[in-house]
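Listing of protein-v8.pdb; format and content: PDB, C-alpha atoms.
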```pdb
ATOM      1  CA  MET A   1      83.520 160.319  66.537
ATOM      2  CA  LEU A   2      82.595 160.552  62.876
ATOM      3  CA  GLU A   3      79.715 162.842  61.977
ATOM      4  CA  SER A   4      77.658 159.900  60.650
ATOM      5  CA  ASP A   5      78.261 157.966  63.904
ATOM      6  CA  LYS A   6      77.254 161.031  65.911
ATOM      7  CA  ASN A   7      74.058 161.379  63.864
ATOM      8  CA  LEU A   8      73.242 157.694  64.396
ATOM      9  CA  GLN A   9      73.751 158.057  68.162
ATOM     10  CA  ASN A  10      71.334 161.000  68.159
ATOM     11  CA  GLU A  11      68.856 158.969  66.112
ATOM     12  CA  LEU A  12      69.185 156.122  68.604
ATOM     13  CA  TYR A  13      68.205 158.389  71.479
ATOM     14  CA  GLN A  14      65.411 160.001  69.455
ATOM     15  CA  ASN A  15      63.982 156.574  68.702
ATOM     16  CA  LEU A  16      64.253 155.546  72.345
ATOM     17  CA  GLY A  17      62.160 158.641  73.071
ATOM     18  CA  LYS A  18      59.596 157.272  70.611
ATOM     19  CA  LEU A  19      59.642 153.885  72.328
ATOM     20  CA  PHE A  20      59.099 155.340  75.788
ATOM     21  CA  TYR A  21      56.331 157.596  74.482
ATOM     22  CA  ALA A  22      54.608 154.592  72.868
ATOM     23  CA  ILE A  23      54.760 152.706  76.178
ATOM     24  CA  ALA A  24      53.390 155.660  78.152
ATOM     25  CA  MET A  25      50.690 156.361  75.537
ATOM     26  CA  ALA A  26      49.620 152.703  75.182
ATOM     27  CA  ASP A  27      46.534 153.419  77.322
ATOM     28  CA  HIS A  28      45.795 156.550  75.232
ATOM     29  CA  SER A  29      47.013 159.024  77.865
ATOM     30  CA  VAL A  30      50.328 160.011  79.398
ATOM     31  CA  HIS A  31      50.265 160.664  83.115
ATOM     32  CA  MET A  32      52.504 163.108  84.966
ATOM     33  CA  LYS A  33      54.028 160.240  86.983
ATOM     34  CA  GLU A  34      55.117 158.548  83.736
ATOM     35  CA  MET A  35      56.832 161.725  82.574
ATOM     36  CA  GLU A  36      58.499 162.183  85.964
ATOM     37  CA  LYS A  37      59.742 158.584  85.885
ATOM     38  CA  LEU A  38      61.169 159.052  82.380
ATOM     39  CA  ASN A  39      63.041 162.206  83.436
ATOM     40  CA  GLU A  40      64.382 160.443  86.524
ATOM     41  CA  VAL A  41      65.602 157.383  84.605
ATOM     42  CA  VAL A  42      67.227 159.495  81.873
ATOM     43  CA  ARG A  43      69.014 161.570  84.514
ATOM     44  CA  ASP A  44      70.053 158.581  86.650
ATOM     45  CA  HIS A  45      70.914 156.012  83.956
ATOM     46  CA  TRP A  46      70.873 157.134  80.317
ATOM     47  CA  LEU A  47      73.329 160.018  80.759
ATOM     48  CA  GLU A  48      75.960 157.478  81.821
ATOM     49  CA  VAL A  49      75.616 155.244  78.738
ATOM     50  CA  ASP A  50      78.068 157.145  76.541
ATOM     51  CA  ASP A  51      79.511 160.590  75.977
ATOM     52  CA  ALA A  52      77.626 161.317  72.749
ATOM     53  CA  GLU A  53      76.426 164.885  72.329
ATOM     54  CA  ASP A  54      73.784 166.441  70.113
ATOM     55  CA  GLU A  55      74.476 169.312  67.721
ATOM     56  CA  TYR A  56      74.154 171.794  70.618
ATOM     57  CA  GLY A  57      76.801 170.118  72.774
ATOM     58  CA  THR A  58      74.223 168.659  75.167
ATOM     59  CA  ASP A  59      74.311 165.013  76.197
ATOM     60  CA  ALA A  60      72.523 163.130  73.413
ATOM     61  CA  ALA A  61      70.492 161.173  75.975
ATOM     62  CA  PHE A  62      68.380 164.297  76.502
ATOM     63  CA  GLN A  63      67.051 163.627  72.973
ATOM     64  CA  ILE A  64      64.925 160.932  74.651
ATOM     65  CA  VAL A  65      63.011 163.519  76.678
ATOM     66  CA  SER A  66      62.880 166.070  73.844
ATOM     67  CA  VAL A  67      61.299 163.613  71.407
ATOM     68  CA  PHE A  68      58.921 162.294  74.095
ATOM     69  CA  ASP A  69      57.775 165.869  74.858
ATOM     70  CA  TRP A  70      57.362 166.694  71.149
ATOM     71  CA  LEU A  71      55.250 163.591  70.551
ATOM     72  CA  LEU A  72      53.157 164.395  73.605
ATOM     73  CA  GLU A  73      52.548 167.930  72.382
ATOM     74  CA  TYR A  74      51.286 166.587  69.056
ATOM     75  CA  THR A  75      49.436 163.620  70.619
ATOM     76  CA  LYS A  76      50.712 160.952  68.291
ATOM     77  CA  GLU A  77      49.236 157.441  68.395
ATOM     78  CA  SER A  78      51.134 154.831  70.397
ATOM     79  CA  GLU A  79      50.974 152.101  67.741
ATOM     80  CA  GLU A  80      52.250 154.337  64.930
ATOM     81  CA  ILE A  81      55.173 155.557  67.046
ATOM     82  CA  TYR A  82      56.035 152.061  68.278
ATOM     83  CA  GLU A  83      56.172 150.867  64.661
ATOM     84  CA  GLU A  84      58.590 153.706  63.840
ATOM     85  CA  PHE A  85      60.811 152.575  66.718
ATOM     86  CA  GLU A  86      60.552 148.958  65.564
ATOM     87  CA  ALA A  87      61.622 149.907  62.029
ATOM     88  CA  PHE A  88      64.605 151.868  63.359
ATOM     89  CA  TYR A  89      65.595 148.947  65.572
ATOM     90  CA  THR A  90      65.364 146.497  62.665
ATOM     91  CA  ASP A  91      67.518 148.746  60.446
ATOM     92  CA  HIS A  92      70.097 149.527  63.163
ATOM     93  CA  LYS A  93      70.335 146.455  65.404
ATOM     94  CA  ILE A  94      74.070 147.007  65.734
ATOM     95  CA  LEU A  95      73.412 150.122  67.863
ATOM     96  CA  PHE A  96      71.402 148.113  70.377
ATOM     97  CA  THR A  97      74.010 146.552  72.618
ATOM     98  CA  LYS A  98      72.923 144.284  75.454
ATOM     99  CA  GLU A  99      73.335 147.261  77.824
ATOM    100  CA  ILE A 100      71.070 149.474  75.674
ATOM    101  CA  LYS A 101      68.413 146.764  75.323
ATOM    102  CA  ASP A 102      68.453 145.982  79.054
ATOM    103  CA  LEU A 103      68.194 149.658  79.959
ATOM    104  CA  ALA A 104      65.436 150.211  77.362
ATOM    105  CA  MET A 105      63.445 147.303  78.839
ATOM    106  CA  SER A 106      63.892 148.453  82.435
ATOM    107  CA  THR A 107      63.006 152.045  81.475
ATOM    108  CA  SER A 108      59.901 150.841  79.615
ATOM    109  CA  ARG A 109      58.820 148.771  82.621
ATOM    110  CA  ALA A 110      59.412 151.696  84.985
ATOM    111  CA  ILE A 111      57.287 154.014  82.827
ATOM    112  CA  ALA A 112      54.521 151.411  82.480
ATOM    113  CA  SER A 113      54.301 150.880  86.241
ATOM    114  CA  ALA A 114      54.742 154.552  87.217
ATOM    115  CA  PHE A 115      51.012 155.279  87.244
ATOM    116  CA  ALA A 116      48.740 152.733  88.958
ATOM    117  CA  GLY A 117      50.796 149.758  87.798
ATOM    118  CA  SER A 118      50.998 148.344  84.286
ATOM    119  CA  ASN A 119      47.739 147.940  82.392
ATOM    120  CA  LYS A 120      46.912 145.432  79.657
ATOM    121  CA  SER A 121      47.860 147.755  76.765
ATOM    122  CA  GLU A 122      51.244 148.499  78.313
ATOM    123  CA  LEU A 123      51.895 144.837  79.114
ATOM    124  CA  ILE A 124      51.172 143.841  75.510
ATOM    125  CA  LEU A 125      53.593 146.473  74.235
ATOM    126  CA  LEU A 126      56.236 145.394  76.764
ATOM    127  CA  GLY A 127      55.818 141.812  75.524
ATOM    128  CA  ARG A 128      56.222 142.916  71.903
ATOM    129  CA  LEU A 129      59.360 144.834  72.834
ATOM    130  CA  GLN A 130      60.845 141.854  74.653
ATOM    131  CA  LEU A 131      60.176 139.637  71.622
ATOM    132  CA  LEU A 132      61.720 142.234  69.313
ATOM    133  CA  PHE A 133      64.877 142.418  71.431
ATOM    134  CA  ASP A 134      65.091 138.611  71.766
ATOM    135  CA  ASN A 135      65.023 137.962  67.997
TER     136      ASN A 135
END
```
Let me see whether you can do it: turn the structure in this file into structure tokens.
Amino acid sequence: MLESDKNLQNELYQNLGKLFYAIAMADHSVHMKEMEKLNEVVRDHWLEVDDAEDEYGTDAAFQIVSVFDWLLEYTKESEEIYEEFEAFYTDHKILFTKEIKDLAMSTSRAIASAFAGSNKSELILLGRLQLLFDN
């Protein structure tokens, strides 16, 4: 894999981390159950997507959790982070295969419903994501 392709794959996973953080933070707090669900889904599904690795030789899918944790540590706003994801998606639609979009939607739904079901803020963001992926 070319270095530029490898970097783009890492950026894809980093931006998915932003998306999942924005979903979890939509109600202005991230609950432990949401973090546990993210870790479970990454382990059970995202690691199988491809064999891309980060610069440390670790599966690039772990970038999702790393970015999520970093954003949580610095308590970034959901809307700002979602807009960053949206911009990346718009600039790199080619990276978002049907499989990636389907898995991103199902992961987002799983995170949103992990703690006391989905609330209005999360449902609105899920709707925006679905519209983004459909266009």
Please identify every residue of range 44-129 of chain A that has at least one atom no farther than 9 Å from an atom of range 7-19 of chain A, counting only C-alpha atoms, and for each give the shortest atom pair and the distance in Å to one decimal, arranged by chain then increasing number, as a tab-separated table.
```
residue	atom	partner	partner_atom	distance
A:Ala52	CA	A:Gln9	CA	6.8
A:Glu53	CA	A:Asn10	CA	7.6
A:Asp54	CA	A:Asn10	CA	6.3
A:Glu55	CA	A:Asn7	CA	8.8
A:Ala60	CA	A:Asn10	CA	5.8
A:Ala61	CA	A:Tyr13	CA	5.8
A:Phe62	CA	A:Tyr13	CA	7.8
A:Gln63	CA	A:Gln14	CA	5.3
A:Ile64	CA	A:Gly17	CA	3.9
A:Val65	CA	A:Gly17	CA	6.1
A:Ser66	CA	A:Gly17	CA	7.5
A:Val67	CA	A:Gly17	CA	5.3
A:Phe68	CA	A:Gly17	CA	5.0
A:Asp69	CA	A:Gly17	CA	8.6
A:Leu71	CA	A:Lys18	CA	7.7
A:Ser78	CA	A:Leu19	CA	8.8
A:Ile81	CA	A:Lys18	CA	5.9
A:Tyr82	CA	A:Leu19	CA	5.7
A:Glu83	CA	A:Leu19	CA	8.9
A:Glu84	CA	A:Lys18	CA	7.7
A:Phe85	CA	A:Asn15	CA	5.5
A:Glu86	CA	A:Leu19	CA	8.4
A:Phe88	CA	A:Asn15	CA	7.1
A:Tyr89	CA	A:Asn15	CA	8.4
A:His92	CA	A:Leu12	CA	8.6
A:Leu95	CA	A:Leu12	CA	7.4
A:Phe96	CA	A:Leu12	CA	8.5
A:Ala104	CA	A:Leu16	CA	7.4
A:Ser108	CA	A:Leu19	CA	7.9
```
Selected residues written out with C-alpha atoms, as a tab-separated table (two decimals), in the coordinates of the input:
```tsv
chain	number	residue	atom	x	y	z
A	52	ALA	CA	77.63	161.32	72.75
A	53	GLU	CA	76.43	164.88	72.33
A	54	ASP	CA	73.78	166.44	70.11
A	55	GLU	CA	74.48	169.31	67.72
A	60	ALA	CA	72.52	163.13	73.41
A	61	ALA	CA	70.49	161.17	75.97
A	62	PHE	CA	68.38	164.30	76.50
A	63	GLN	CA	67.05	163.63	72.97
A	64	ILE	CA	64.92	160.93	74.65
A	65	VAL	CA	63.01	163.52	76.68
A	66	SER	CA	62.88	166.07	73.84
A	67	VAL	CA	61.30	163.61	71.41
A	68	PHE	CA	58.92	162.29	74.10
A	69	ASP	CA	57.78	165.87	74.86
A	71	LEU	CA	55.25	163.59	70.55
A	78	SER	CA	51.13	154.83	70.40
A	81	ILE	CA	55.17	155.56	67.05
A	82	TYR	CA	56.04	152.06	68.28
A	83	GLU	CA	56.17	150.87	64.66
A	84	GLU	CA	58.59	153.71	63.84
A	85	PHE	CA	60.81	152.57	66.72
A	86	GLU	CA	60.55	148.96	65.56
A	88	PHE	CA	64.60	151.87	63.36
A	89	TYR	CA	65.60	148.95	65.57
A	92	HIS	CA	70.10	149.53	63.16
A	95	LEU	CA	73.41	150.12	67.86
A	96	PHE	CA	71.40	148.11	70.38
A	104	ALA	CA	65.44	150.21	77.36
A	108	SER	CA	59.90	150.84	79.61
```
For Glu99 in chain A, which of A:Lys120, A:His31, A:His45, A:Lys76 is the closest residue, counting all atoms listed in the file?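 For Glu99 in chain A, the nearest of the given residues is A:His45.
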Neighbours of point (50.4, 150.7, 78.7) within 12 Å, using all atoms listed in the file, written as a short mmCIF file (atom, residue, chain, number, x, y, z; two decimals) with C-alpha atoms, in the frame of the given file:
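Heads up, here's the output in point-v1.cif:
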```cif
data_model
loop_
_atom_site.label_atom_id
_atom_site.label_comp_id
_atom_site.auth_asym_id
_atom_site.auth_seq_id
_atom_site.Cartn_x
_atom_site.Cartn_y
_atom_site.Cartn_z
CA LEU A 19 59.64 153.88 72.33
CA PHE A 20 59.10 155.34 75.79
CA TYR A 21 56.33 157.60 74.48
CA ALA A 22 54.61 154.59 72.87
CA ILE A 23 54.76 152.71 76.18
CA ALA A 24 53.39 155.66 78.15
CA MET A 25 50.69 156.36 75.54
CA ALA A 26 49.62 152.70 75.18
CA ASP A 27 46.53 153.42 77.32
CA HIS A 28 45.80 156.55 75.23
CA SER A 29 47.01 159.02 77.86
CA VAL A 30 50.33 160.01 79.40
CA HIS A 31 50.26 160.66 83.12
CA GLU A 34 55.12 158.55 83.74
CA SER A 78 51.13 154.83 70.40
CA GLU A 79 50.97 152.10 67.74
CA TYR A 82 56.04 152.06 68.28
CA SER A 108 59.90 150.84 79.61
CA ARG A 109 58.82 148.77 82.62
CA ALA A 110 59.41 151.70 84.98
CA ILE A 111 57.29 154.01 82.83
CA ALA A 112 54.52 151.41 82.48
CA SER A 113 54.30 150.88 86.24
CA ALA A 114 54.74 154.55 87.22
CA PHE A 115 51.01 155.28 87.24
CA ALA A 116 48.74 152.73 88.96
CA GLY A 117 50.80 149.76 87.80
CA SER A 118 51.00 148.34 84.29
CA ASN A 119 47.74 147.94 82.39
CA LYS A 120 46.91 145.43 79.66
CA SER A 121 47.86 147.76 76.76
CA GLU A 122 51.24 148.50 78.31
CA LEU A 123 51.90 144.84 79.11
CA ILE A 124 51.17 143.84 75.51
CA LEU A 125 53.59 146.47 74.24
CA LEU A 126 56.24 145.39 76.76
CA GLY A 127 55.82 141.81 75.52
CA ARG A 128 56.22 142.92 71.90
#
```
Rounded to one decimal place, report the CA of Leu72 in chain A-CA of Met35 in chain A distance in Å. 10.1 Å
Top pick for closest residue to Leu132 in chain A, considering A:Thr58, A:Ser106, A:Thr90, A:Thr75 and counting all atoms listed in the file: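 For Leu132 in chain A, the nearest of the candidates is A:Thr90.
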Which residue, A:Arg43, A:Lys101, A:Asp134, A:Ala87, has the smallest gap to Asp59 in chain A when you use all atoms listed in the file? A:Arg43
Looking at A:Ile94, A:Ile100, A:Ser4, A:Lys37, which one is nearest to Asp50 in chain A, with distances taken over only C-alpha atoms?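 So, comparing all the options, the nearest one is A:Ile100.
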For Glu48 in chain A, which residue out of A:Lys33, A:Asp5, A:Leu103, A:Lys93 is the nearest one, using only C-alpha atoms?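 Distance minimum relative to Glu48 in chain A lands on A:Leu103.
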Between CA of Trp70 in chain A and CA of Leu131 in chain A, what distance in Å does the model show, to one decimal?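 Calculated distance between CA of Trp70 in chain A and CA of Leu131 in chain A is 27.2 Å.
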Could you tell me how far CA of Leu38 in chain A lies from CA of Asn135 in chain A, in Å and to one decimal?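 These atoms are spaced 25.8 Å apart.
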Please fill the gaps in range 72-95 of chain A so it has N, CA, C and O atoms, and write that as a PDB file, in the frame of the given file.
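The resulting out_27.pdb:
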```pdb
ATOM      1  N   LEU A  72      54.255 164.119  72.679  1.00  0.00           N
ATOM      2  CA  LEU A  72      53.157 164.395  73.605  1.00  0.00           C
ATOM      3  C   LEU A  72      52.410 165.663  73.189  1.00  0.00           C
ATOM      4  O   LEU A  72      51.179 165.692  73.187  1.00  0.00           O
ATOM      5  N   GLU A  73      53.162 166.665  72.806  1.00  0.00           N
ATOM      6  CA  GLU A  73      52.548 167.930  72.382  1.00  0.00           C
ATOM      7  C   GLU A  73      51.645 167.727  71.165  1.00  0.00           C
ATOM      8  O   GLU A  73      50.596 168.349  71.037  1.00  0.00           O
ATOM      9  N   TYR A  74      52.056 166.824  70.279  1.00  0.00           N
ATOM     10  CA  TYR A  74      51.286 166.587  69.056  1.00  0.00           C
ATOM     11  C   TYR A  74      50.411 165.341  69.145  1.00  0.00           C
ATOM     12  O   TYR A  74      49.873 164.897  68.133  1.00  0.00           O
ATOM     13  N   THR A  75      50.260 164.802  70.343  1.00  0.00           N
ATOM     14  CA  THR A  75      49.436 163.620  70.619  1.00  0.00           C
ATOM     15  C   THR A  75      49.438 162.578  69.511  1.00  0.00           C
ATOM     16  O   THR A  75      48.416 162.303  68.884  1.00  0.00           O
ATOM     17  N   LYS A  76      50.574 162.019  69.278  1.00  0.00           N
ATOM     18  CA  LYS A  76      50.712 160.952  68.291  1.00  0.00           C
ATOM     19  C   LYS A  76      50.192 159.637  68.867  1.00  0.00           C
ATOM     20  O   LYS A  76      50.194 159.430  70.069  1.00  0.00           O
ATOM     21  N   GLU A  77      49.757 158.745  67.981  1.00  0.00           N
ATOM     22  CA  GLU A  77      49.236 157.441  68.395  1.00  0.00           C
ATOM     23  C   GLU A  77      50.363 156.502  68.814  1.00  0.00           C
ATOM     24  O   GLU A  77      51.397 156.430  68.148  1.00  0.00           O
ATOM     25  N   SER A  78      50.142 155.755  69.858  1.00  0.00           N
ATOM     26  CA  SER A  78      51.134 154.831  70.397  1.00  0.00           C
ATOM     27  C   SER A  78      51.585 153.803  69.366  1.00  0.00           C
ATOM     28  O   SER A  78      52.783 153.587  69.170  1.00  0.00           O
ATOM     29  N   GLU A  79      50.656 153.173  68.684  1.00  0.00           N
ATOM     30  CA  GLU A  79      50.974 152.101  67.741  1.00  0.00           C
ATOM     31  C   GLU A  79      51.851 152.603  66.592  1.00  0.00           C
ATOM     32  O   GLU A  79      52.840 151.974  66.224  1.00  0.00           O
ATOM     33  N   GLU A  80      51.486 153.739  66.037  1.00  0.00           N
ATOM     34  CA  GLU A  80      52.250 154.337  64.930  1.00  0.00           C
ATOM     35  C   GLU A  80      53.693 154.628  65.373  1.00  0.00           C
ATOM     36  O   GLU A  80      54.648 154.320  64.654  1.00  0.00           O
ATOM     37  N   ILE A  81      53.847 155.188  66.547  1.00  0.00           N
ATOM     38  CA  ILE A  81      55.173 155.557  67.046  1.00  0.00           C
ATOM     39  C   ILE A  81      55.982 154.312  67.402  1.00  0.00           C
ATOM     40  O   ILE A  81      57.180 154.239  67.131  1.00  0.00           O
ATOM     41  N   TYR A  82      55.321 153.303  67.968  1.00  0.00           N
ATOM     42  CA  TYR A  82      56.035 152.061  68.278  1.00  0.00           C
ATOM     43  C   TYR A  82      56.555 151.422  66.984  1.00  0.00           C
ATOM     44  O   TYR A  82      57.680 150.932  66.943  1.00  0.00           O
ATOM     45  N   GLU A  83      55.751 151.446  65.945  1.00  0.00           N
ATOM     46  CA  GLU A  83      56.172 150.867  64.661  1.00  0.00           C
ATOM     47  C   GLU A  83      57.368 151.619  64.075  1.00  0.00           C
ATOM     48  O   GLU A  83      58.238 151.011  63.460  1.00  0.00           O
ATOM     49  N   GLU A  84      57.429 152.934  64.286  1.00  0.00           N
ATOM     50  CA  GLU A  84      58.590 153.706  63.840  1.00  0.00           C
ATOM     51  C   GLU A  84      59.839 153.252  64.607  1.00  0.00           C
ATOM     52  O   GLU A  84      60.906 153.096  64.024  1.00  0.00           O
ATOM     53  N   PHE A  85      59.684 153.060  65.922  1.00  0.00           N
ATOM     54  CA  PHE A  85      60.811 152.575  66.718  1.00  0.00           C
ATOM     55  C   PHE A  85      61.246 151.193  66.223  1.00  0.00           C
ATOM     56  O   PHE A  85      62.438 150.933  66.049  1.00  0.00           O
ATOM     57  N   GLU A  86      60.270 150.330  66.004  1.00  0.00           N
ATOM     58  CA  GLU A  86      60.552 148.958  65.564  1.00  0.00           C
ATOM     59  C   GLU A  86      61.331 148.956  64.233  1.00  0.00           C
ATOM     60  O   GLU A  86      62.284 148.196  64.066  1.00  0.00           O
ATOM     61  N   ALA A  87      60.938 149.815  63.325  1.00  0.00           N
ATOM     62  CA  ALA A  87      61.622 149.907  62.029  1.00  0.00           C
ATOM     63  C   ALA A  87      63.063 150.390  62.219  1.00  0.00           C
ATOM     64  O   ALA A  87      63.993 149.864  61.604  1.00  0.00           O
ATOM     65  N   PHE A  88      63.249 151.377  63.090  1.00  0.00           N
ATOM     66  CA  PHE A  88      64.605 151.868  63.359  1.00  0.00           C
ATOM     67  C   PHE A  88      65.451 150.754  63.975  1.00  0.00           C
ATOM     68  O   PHE A  88      66.591 150.540  63.569  1.00  0.00           O
ATOM     69  N   TYR A  89      64.874 150.046  64.923  1.00  0.00           N
ATOM     70  CA  TYR A  89      65.595 148.947  65.572  1.00  0.00           C
ATOM     71  C   TYR A  89      66.020 147.900  64.531  1.00  0.00           C
ATOM     72  O   TYR A  89      67.171 147.468  64.503  1.00  0.00           O
ATOM     73  N   THR A  90      65.093 147.512  63.685  1.00  0.00           N
ATOM     74  CA  THR A  90      65.364 146.497  62.665  1.00  0.00           C
ATOM     75  C   THR A  90      66.489 146.945  61.723  1.00  0.00           C
ATOM     76  O   THR A  90      67.344 146.144  61.363  1.00  0.00           O
ATOM     77  N   ASP A  91      66.497 148.217  61.359  1.00  0.00           N
ATOM     78  CA  ASP A  91      67.518 148.746  60.446  1.00  0.00           C
ATOM     79  C   ASP A  91      68.860 149.009  61.117  1.00  0.00           C
ATOM     80  O   ASP A  91      69.875 149.133  60.430  1.00  0.00           O
ATOM     81  N   HIS A  92      68.871 149.126  62.453  1.00  0.00           N
ATOM     82  CA  HIS A  92      70.097 149.527  63.163  1.00  0.00           C
ATOM     83  C   HIS A  92      70.371 148.654  64.390  1.00  0.00           C
ATOM     84  O   HIS A  92      70.798 149.156  65.437  1.00  0.00           O
ATOM     85  N   LYS A  93      70.142 147.362  64.260  1.00  0.00           N
ATOM     86  CA  LYS A  93      70.335 146.455  65.404  1.00  0.00           C
ATOM     87  C   LYS A  93      71.710 146.582  66.044  1.00  0.00           C
ATOM     88  O   LYS A  93      71.851 146.404  67.244  1.00  0.00           O
ATOM     89  N   ILE A  94      72.697 146.911  65.245  1.00  0.00           N
ATOM     90  CA  ILE A  94      74.070 147.007  65.734  1.00  0.00           C
ATOM     91  C   ILE A  94      74.217 148.051  66.855  1.00  0.00           C
ATOM     92  O   ILE A  94      75.066 147.924  67.728  1.00  0.00           O
ATOM     93  N   LEU A  95      73.361 149.080  66.832  1.00  0.00           N
ATOM     94  CA  LEU A  95      73.412 150.122  67.863  1.00  0.00           C
ATOM     95  C   LEU A  95      72.884 149.635  69.207  1.00  0.00           C
ATOM     96  O   LEU A  95      73.191 150.209  70.248  1.00  0.00           O
TER      97      LEU A  95
END
```
